[in-house]
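These notes are about the structure you will find just below.
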Amino acid sequence: MLGRTASSLFWMSRYFERAQNVSRLLEVACRGAIISHSGQEDGTHWTFALTCSGCEGDFQQRYDELNARNLTNFLVFSKENPSSIRNCLELGRNNARAVRTGITAELWEAINTTWIEFTDVNPQSVTQEKLPDFLAFVNQRAHLFRGALLNTILRDDGYFFSQMGNFVERADNTARILDTHYWTLLPDNDIIEDGSLDRYQWSAILRALSGRRSYRFAYPNARLKAFNIAEFLILRTEMPRSLAHCYDWMADTAEDLAQFYGSREPSLDMAAEISRDLTEKQMDEIYHQGLHDFLTDFIGKNNLFAHQLSEDYNFA
Amino acid sequence: MADARTFFNEMLDEAGKPRQPYARLAKWLADKPANFLSKKGRDAETIFRRLGITFAVYGAEEATERLIPFDPIPRIISASEWRRLSAGIDQRVRALNAFLHDIYHRQEILRAGRIPSDLILQNEAFLPEMAGFTPARKVYAHIIGTDLVRVSENEFYVLEDNTRTPSGVSYMLENRETMMRLFPELFQTHHVAAVEQYPESLQQTLESVAPDPSKSEQTIVVLTPGIYNSAYFEHAFLADSMGVELVEGRDLFVDAGHVYMRTTREPKQVDVIYRRIDDAFLDPLTFNPDSMLGVPGLFDAYRAGNVTICNAPGTGIADDKAIYAYVPDIIEFYTGQKPILNNVPTWNCSRKDDLAYVLDNLEDIVVKEVHGSGGYGMLIGPTASKREIAEFRKVLETNPSNYIAQPTLALSACPTHVASGVAPRHVDLRPYVLIGDQVRITPGGLTRVALKKGSLVVNSSQGGGTKDTWVLED
């Protein structure tokens, strides 16, 4: 396989994962804005989405006011914001186009029709009222992408690189959302009032990582607690967006790659080591180290892993 | 030559009765309700859009990927018509390859005075770097698209030879697939010669010209400029249907005289490159030093006989518009036979007498740039405004040797689905020819149709569409 093909498959998956993550952040904000009795001033919800997206600086340079219209333009339709849903879908599709020969017709159609339907929409027509439906469309298309990929693609090196891209992005997203709100997740925060800002943010974090319902199953009878939420999203492998799950998947994929090529490159050992570390760790240790330090460290390691992978396999 | 207004109608004779090859289709069309074709046309568009069968339009800001309009009514060619056409094409492509070998070696045709030496040696499309080099099987142009037009029952002309990197073959294949999905019943009542073998024939052709044909497995690649190229879909399509890698210049490198592709593991040696980039961009060390698309050192590896490039560098001289007028001489010189297919009479504006005639008759003729393509930079006298003609006259007078001119041909017309129903529209035909261990001509080819009433410009970049082309079997 060409190094460039490996790179395109990696980035194709990364961009679709990112499109879905951005769309989920906005969904959470929309929901918050609709529930007027949440006692928060309107801006809070949009601020949550913007800080989690990690492009606050960019936004402030371009817009005077943080409101639904501006944030929708910026996170969904903007050509200037490199991580807007529009750019993610376009770049994802460009990467897919570059490897048309390496992906299935079903996968290509899922990607291509998504782009066609997305670009058929006039951004001005997506008002705050229509935004949730539109985001649901993006979300479903991202699921369609992943479903088509999992159901049709050969389990060879191309598949392995696509999985690496998918889960590097997901791990990065989860870690960043936790890190932008790490103080609300400190254990001494557990004694807080119903209806407080922190309680809203706990719930928003879980929703942004589609874990609001599954949290209930993972912690029966448990009310929302900072300790549990942090543990759920960092260490519980059964949570498909937790850091532990992401690296569980990548460590398996690394093993598959090593077998496929009959040799083990440094990046594969990195994935295995990060995964082992997450499996063995306890929440207490993480709090002891400092949650913010732990997350910053993790984001750095995740980036290093992606970089090493691209070196090891000649991503162009 | 006939006036453009009294064109040959391929379906209906002078009495308005269907000609023999169209008999069944005409009846089938007549039986269909008025909106039938509109619906089928929309179905086809949906298929093309979903599959991403698009081409890019340069210079257009929005919607740079566009669909080529697809006309759902097939163009039909009878078995006997096709036999004559394919014999003519076969003769022509063999002669052009013999010509290429000659001008890059002994240049007998120049010594014999059949073509003025300057026309070759001073031509930009002539590559002195190719002199003395003999590619595998002496084949230079492996893939040719011969553009034909029809002007009457038995008169076909060759408009252009396209010996560089002819495109459109993916449309020929996808048009057929789409027609079979839209109208399966028509394929039961017509014995249509298959085209689906093209990718396999292409692969056999490319393998047959590998540097070392005894190797059990040849590594073939398709070299593309990338996803922004207008024909990118086709590059991916061909690589995919042959099951070979689609590479960009940056995926290849030359080491110790051999060409390799960068893979996730060990570099892999490449035997045959089906390149879809122009000569000038192939190798920045030999040609355009600014090229970001090419592969440094590729040409040396080629000359060392370690890799085959298809088509060979320097084949452009064979489809140069200034050389075109000499192709009948070329055929006679190398085959000793009369050409089966005729050239369109051509005035070479570099000749004084020809230029005078052209300037006097701009309103009635077509003037083309010698190196132009895609319908850009040309003047169609009969449809041009007075101002356009005046402006073109100035350009032509400043640089006459850059132009050739031809009479306005009365292109034949085929039934085409238009807003008002079914109406005749002008068409041309590009059959695809493969030359390697043998000459393989896919029956039919790509029919391009000018969708605007009365228009003679069939280029997709100028709003032309395409049709599935059927060669009936006896």
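By order of appearance in the structure tokens: chains A, B, ..., then residues from 1 within every chain, and ligands from 1 in the order shown.
Excluding Pro211 of chain B itself and same-chain residues fewer than 5 positions from it, the residues having an atom within 7 Å of it are Ala136, Asp271, Gly305, Asn306, Val307 and Thr308 of chain B, counting only C-alpha atoms.
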Exercise. Define the interface residues of chain B facing chain A as those within 10 Å, counting only C-alpha atoms, and report them as an MDAnalysis selection string.
Key: chainID B and resid 49:52 63 226:228 232:233 235:248 250:252 261:268
Export of the given selection (N, CA and C atoms) as a tab-separated table (two decimals), in the first residue's frame:
chain	number	residue	atom	x	y	z
B	49	ARG	N	-24.23	11.29	-10.07
B	49	ARG	CA	-23.83	12.16	-8.97
B	49	ARG	C	-23.42	11.35	-7.74
B	50	ARG	N	-24.20	10.32	-7.46
B	50	ARG	CA	-23.86	9.49	-6.30
B	50	ARG	C	-22.51	8.82	-6.46
B	51	LEU	N	-22.24	8.35	-7.67
B	51	LEU	CA	-20.98	7.66	-7.89
B	51	LEU	C	-19.82	8.64	-7.99
B	52	GLY	N	-20.14	9.95	-8.11
B	52	GLY	CA	-19.07	10.94	-8.21
B	52	GLY	C	-18.41	10.94	-9.58
B	63	ALA	N	-18.94	25.05	-7.68
B	63	ALA	CA	-19.27	23.80	-8.37
B	63	ALA	C	-18.19	23.40	-9.36
B	226	GLY	N	-3.52	14.42	-9.63
B	226	GLY	CA	-4.16	14.57	-8.32
B	226	GLY	C	-5.64	14.86	-8.42
B	227	ILE	N	-6.27	15.02	-7.24
B	227	ILE	CA	-7.73	15.07	-7.20
B	227	ILE	C	-8.32	16.32	-7.84
B	228	TYR	N	-7.49	17.35	-8.08
B	228	TYR	CA	-8.05	18.56	-8.67
B	228	TYR	C	-7.99	18.55	-10.19
B	232	TYR	N	-9.73	13.49	-13.00
B	232	TYR	CA	-9.33	12.65	-11.86
B	232	TYR	C	-10.23	11.43	-11.69
B	233	PHE	N	-11.53	11.64	-11.86
B	233	PHE	CA	-12.43	10.50	-11.71
B	233	PHE	C	-12.00	9.34	-12.60
B	235	HIS	N	-9.02	8.72	-13.84
B	235	HIS	CA	-7.75	8.12	-13.42
B	235	HIS	C	-8.02	7.07	-12.32
B	236	ALA	N	-8.84	7.48	-11.34
B	236	ALA	CA	-9.16	6.55	-10.24
B	236	ALA	C	-9.93	5.36	-10.77
B	237	PHE	N	-10.86	5.64	-11.68
B	237	PHE	CA	-11.70	4.58	-12.25
B	237	PHE	C	-10.84	3.53	-12.95
B	238	LEU	N	-9.90	3.98	-13.76
B	238	LEU	CA	-9.09	3.03	-14.53
B	238	LEU	C	-8.16	2.23	-13.61
B	239	ALA	N	-7.55	2.92	-12.64
B	239	ALA	CA	-6.67	2.21	-11.71
B	239	ALA	C	-7.49	1.15	-10.97
B	240	ASP	N	-8.66	1.56	-10.53
B	240	ASP	CA	-9.52	0.66	-9.78
B	240	ASP	C	-9.95	-0.53	-10.62
B	241	SER	N	-10.35	-0.27	-11.87
B	241	SER	CA	-10.86	-1.40	-12.64
B	241	SER	C	-9.74	-2.32	-13.13
B	242	MET	N	-8.49	-1.83	-13.13
B	242	MET	CA	-7.38	-2.74	-13.43
B	242	MET	C	-6.81	-3.36	-12.15
B	243	GLY	N	-7.21	-2.83	-11.00
B	243	GLY	CA	-6.65	-3.32	-9.74
B	243	GLY	C	-5.19	-2.93	-9.56
B	244	VAL	N	-4.83	-1.70	-9.97
B	244	VAL	CA	-3.45	-1.24	-9.80
B	244	VAL	C	-3.45	0.05	-8.99
B	245	GLU	N	-2.29	0.46	-8.52
B	245	GLU	CA	-2.20	1.66	-7.69
B	245	GLU	C	-2.40	2.92	-8.54
B	246	LEU	N	-3.10	3.88	-7.95
B	246	LEU	CA	-3.20	5.21	-8.53
B	246	LEU	C	-2.18	6.08	-7.79
B	247	VAL	N	-1.16	6.54	-8.50
B	247	VAL	CA	-0.10	7.27	-7.81
B	247	VAL	C	-0.03	8.72	-8.28
B	248	GLU	N	0.53	9.56	-7.41
B	248	GLU	CA	0.90	10.91	-7.79
B	248	GLU	C	2.42	10.94	-7.89
B	250	ARG	N	4.62	12.43	-6.28
B	250	ARG	CA	5.34	12.34	-5.00
B	250	ARG	C	5.35	10.93	-4.42
B	251	ASP	N	4.54	10.03	-4.99
B	251	ASP	CA	4.56	8.64	-4.51
B	251	ASP	C	5.67	7.84	-5.16
B	252	LEU	N	6.29	8.40	-6.21
B	252	LEU	CA	7.32	7.66	-6.94
B	252	LEU	C	8.69	8.30	-6.71
B	261	MET	N	7.74	2.92	-5.96
B	261	MET	CA	6.72	3.70	-5.26
B	261	MET	C	6.92	3.56	-3.75
B	262	ARG	N	6.60	4.67	-3.06
B	262	ARG	CA	6.73	4.68	-1.59
B	262	ARG	C	5.52	3.98	-1.00
B	263	THR	N	5.77	2.89	-0.31
B	263	THR	CA	4.65	2.18	0.32
B	263	THR	C	4.80	2.29	1.83
B	264	THR	N	3.87	1.70	2.55
B	264	THR	CA	3.96	1.72	4.00
B	264	THR	C	5.13	0.84	4.46
B	265	ARG	N	5.62	-0.01	3.60
B	265	ARG	CA	6.76	-0.88	3.93
B	265	ARG	C	7.91	-0.63	2.97
B	266	GLU	N	8.46	-1.72	2.38
B	266	GLU	CA	9.58	-1.57	1.46
B	266	GLU	C	9.12	-0.88	0.17
B	267	PRO	N	10.01	-0.09	-0.45
B	267	PRO	CA	9.67	0.50	-1.75
B	267	PRO	C	9.38	-0.62	-2.76
B	268	LYS	N	8.43	-0.36	-3.68
B	268	LYS	CA	8.08	-1.38	-4.66
B	268	LYS	C	8.45	-0.90	-6.06
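Picture a line from atom CA of Asp354 of chain B to atom CA of Ala410 of chain B; it runs 21.7 Å.
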Practice problem: Write out as a count of residues only the residues lying within 10 Å of Asp161 of chain B, counting only C-alpha atoms and excluding same-chain residues fewer than 5 positions away. | Solution: 18
Quiz prompt | Test item, alpha helix (DSSP H) assignment across segment 247-389 of chain B, answer as a ChimeraX atom specification | solution = /B:279-282,298-303,321-324,327-335,352-360,386-389
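Our summary of the geometry notes that atom CA of Ala204 of chain A is positioned 6.2 Å from atom CA of Val28 of chain A.
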Quiz prompt | Non-local contacts of Leu131 of chain A (9 Å; only C-alpha atoms; under 3 positions in same chain excluded) as a list in words | solution = Leu26, Glu27, Cys30, Thr72, Val126, Thr127, Gln128, Phe134, Leu135 and Ala136 of chain A
Selection export as a CSV table (one decimal), in the first residue's frame, atoms kept: N, CA and C atoms:
chain,number,residue,atom,x,y,z
A,26,LEU,N,-22.5,21.0,19.4
A,26,LEU,CA,-23.5,22.0,19.1
A,26,LEU,C,-24.9,21.5,19.6
A,27,GLU,N,-25.1,20.2,19.4
A,27,GLU,CA,-26.4,19.6,19.8
A,27,GLU,C,-26.6,19.9,21.3
A,30,CYS,N,-27.5,23.5,21.9
A,30,CYS,CA,-28.8,23.8,21.4
A,30,CYS,C,-29.8,23.4,22.5
A,72,THR,N,-23.0,28.9,14.9
A,72,THR,CA,-23.4,28.0,13.8
A,72,THR,C,-22.6,28.2,12.6
A,126,VAL,N,-30.5,27.6,8.0
A,126,VAL,CA,-30.4,26.8,9.2
A,126,VAL,C,-30.4,27.8,10.4
A,127,THR,N,-31.7,28.1,10.8
A,127,THR,CA,-31.9,28.9,12.0
A,127,THR,C,-31.7,28.1,13.2
A,128,GLN,N,-31.7,28.8,14.4
A,128,GLN,CA,-31.6,28.1,15.7
A,128,GLN,C,-32.6,27.0,15.8
A,134,PHE,N,-30.7,19.6,11.7
A,134,PHE,CA,-29.6,19.6,10.7
A,134,PHE,C,-28.4,18.9,11.4
A,135,LEU,N,-28.2,19.1,12.7
A,135,LEU,CA,-27.1,18.4,13.3
A,135,LEU,C,-27.3,16.9,13.4
A,136,ALA,N,-28.6,16.6,13.6
A,136,ALA,CA,-29.0,15.1,13.6
A,136,ALA,C,-28.6,14.5,12.3
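Across the structure, atom CA of Thr398 of chain B and atom CA of Glu369 of chain B are spaced 13.0 Å apart.
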If DSSP is run on the backbone, what residues of segment 1-134 of chain B are strand (DSSP E or B)? A reply as a PDB file with C-alpha atoms, in the first residue's frame would be ideal.
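Now in result.pdb:
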ATOM      1  CA  ASN B   9     -29.708  12.554 -39.710  1.00  0.00           C
ATOM      2  CA  LEU B  12     -34.193   9.162 -40.079  1.00  0.00           C
ATOM      3  CA  PRO B  18     -36.051   5.195 -39.613  1.00  0.00           C
ATOM      4  CA  PHE B  55     -15.157  16.343 -14.247  1.00  0.00           C
ATOM      5  CA  ALA B  56     -13.638  19.586 -13.052  1.00  0.00           C
ATOM      6  CA  GLU B  65     -16.916  19.331  -9.987  1.00  0.00           C
ATOM      7  CA  ARG B  66     -19.628  18.975 -12.589  1.00  0.00           C
ATOM      8  CA  PHE B  70     -25.884  12.274 -20.208  1.00  0.00           C
ATOM      9  CA  ASP B  71     -28.345  11.753 -23.014  1.00  0.00           C
ATOM     10  CA  PRO B  72     -30.382   8.584 -22.519  1.00  0.00           C
ATOM     11  CA  ILE B  73     -30.954   7.871 -26.232  1.00  0.00           C
ATOM     12  CA  PRO B  74     -28.191   5.636 -27.621  1.00  0.00           C
ATOM     13  CA  ARG B  75     -26.306   6.322 -30.809  1.00  0.00           C
ATOM     14  CA  ILE B  76     -26.314   3.284 -33.074  1.00  0.00           C
ATOM     15  CA  ILE B  77     -23.705   2.147 -35.579  1.00  0.00           C
TER      16      ILE B  77
END
Exercise. Would you please work out which residue, of B:Tyr140, B:Trp347, B:Tyr157, B:Trp82, is nearest to Tyr104 of chain B when using only C-alpha atoms?
Key: B:Tyr140
Quiz prompt | All residues 9 Å or closer to segment 391-394 of chain B, only C-alpha atoms, same chain fewer than 3 positions away omitted, as a ChimeraX atom specification | solution = /B:359,362,378-379,386-388,397-399
Same residues, N, CA and C atoms, saved as a tab-separated table (two decimals), in the first residue's frame:
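Wrote out_1.tsv, looks like this:
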chain	number	residue	atom	x	y	z
B	359	LEU	N	-8.30	34.23	-44.12
B	359	LEU	CA	-8.69	35.59	-43.73
B	359	LEU	C	-9.88	36.09	-44.56
B	362	LEU	N	-13.32	33.94	-43.06
B	362	LEU	CA	-13.49	33.67	-41.63
B	362	LEU	C	-14.94	33.38	-41.24
B	378	MET	N	-10.77	28.71	-30.08
B	378	MET	CA	-11.11	28.46	-31.48
B	378	MET	C	-12.21	29.41	-31.94
B	379	LEU	N	-12.32	29.56	-33.27
B	379	LEU	CA	-13.37	30.40	-33.83
B	379	LEU	C	-14.24	29.55	-34.74
B	386	LYS	N	-19.91	39.44	-35.48
B	386	LYS	CA	-18.98	40.26	-36.29
B	386	LYS	C	-17.79	40.68	-35.44
B	387	ARG	N	-18.08	41.04	-34.18
B	387	ARG	CA	-17.00	41.52	-33.32
B	387	ARG	C	-16.01	40.41	-33.00
B	388	GLU	N	-16.56	39.22	-32.69
B	388	GLU	CA	-15.68	38.08	-32.39
B	388	GLU	C	-14.76	37.78	-33.58
B	397	GLU	N	-3.71	37.36	-37.43
B	397	GLU	CA	-2.70	38.06	-38.24
B	397	GLU	C	-1.38	38.23	-37.49
B	398	THR	N	-1.47	38.37	-36.15
B	398	THR	CA	-0.23	38.54	-35.38
B	398	THR	C	0.58	37.25	-35.33
B	399	ASN	N	-0.11	36.12	-35.26
B	399	ASN	CA	0.61	34.85	-35.07
B	399	ASN	C	-0.01	33.74	-35.92
Practice problem: Identify, on the basis of only C-alpha atoms, every residue whose closest approach to Phe305 of chain A does not exceed 8 Å; exclude the query and any residue fewer than 6 positions from it along the same chain; express the result as a PyMOL selection string. | Solution: chain A and resi 267+270-271
For the residues in the current selection, export N, CA and C atoms as an mmCIF file, in the first residue's frame.
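For reference, part_35.cif as written:
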data_model
loop_
_atom_site.group_PDB
_atom_site.id
_atom_site.type_symbol
_atom_site.label_atom_id
_atom_site.label_comp_id
_atom_site.auth_asym_id
_atom_site.auth_seq_id
_atom_site.Cartn_x
_atom_site.Cartn_y
_atom_site.Cartn_z
ATOM 1 N N SER A 267 5.818 2.971 16.803
ATOM 2 C CA SER A 267 4.494 3.512 17.122
ATOM 3 C C SER A 267 3.589 2.437 17.731
ATOM 4 N N MET A 270 4.221 2.158 21.271
ATOM 5 C CA MET A 270 3.666 3.321 21.979
ATOM 6 C C MET A 270 2.193 3.096 22.296
ATOM 7 N N ALA A 271 1.440 2.636 21.296
ATOM 8 C CA ALA A 271 0.003 2.409 21.505
ATOM 9 C C ALA A 271 -0.213 1.391 22.616
#
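Considering the residues B:Ile404, B:Thr442, B:Leu25, B:Gly336 and counting only C-alpha atoms, Cys349 of chain B has its shortest atom-to-atom contact with B:Ile404.
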Exercise. Tell me which protein, DNA and RNA residues are within 7 Å of segment 77-93 of chain A, counting only C-alpha atoms, leaving out same-chain ones fewer than 4 positions away, and put them as a count of residues only.
Key: 13
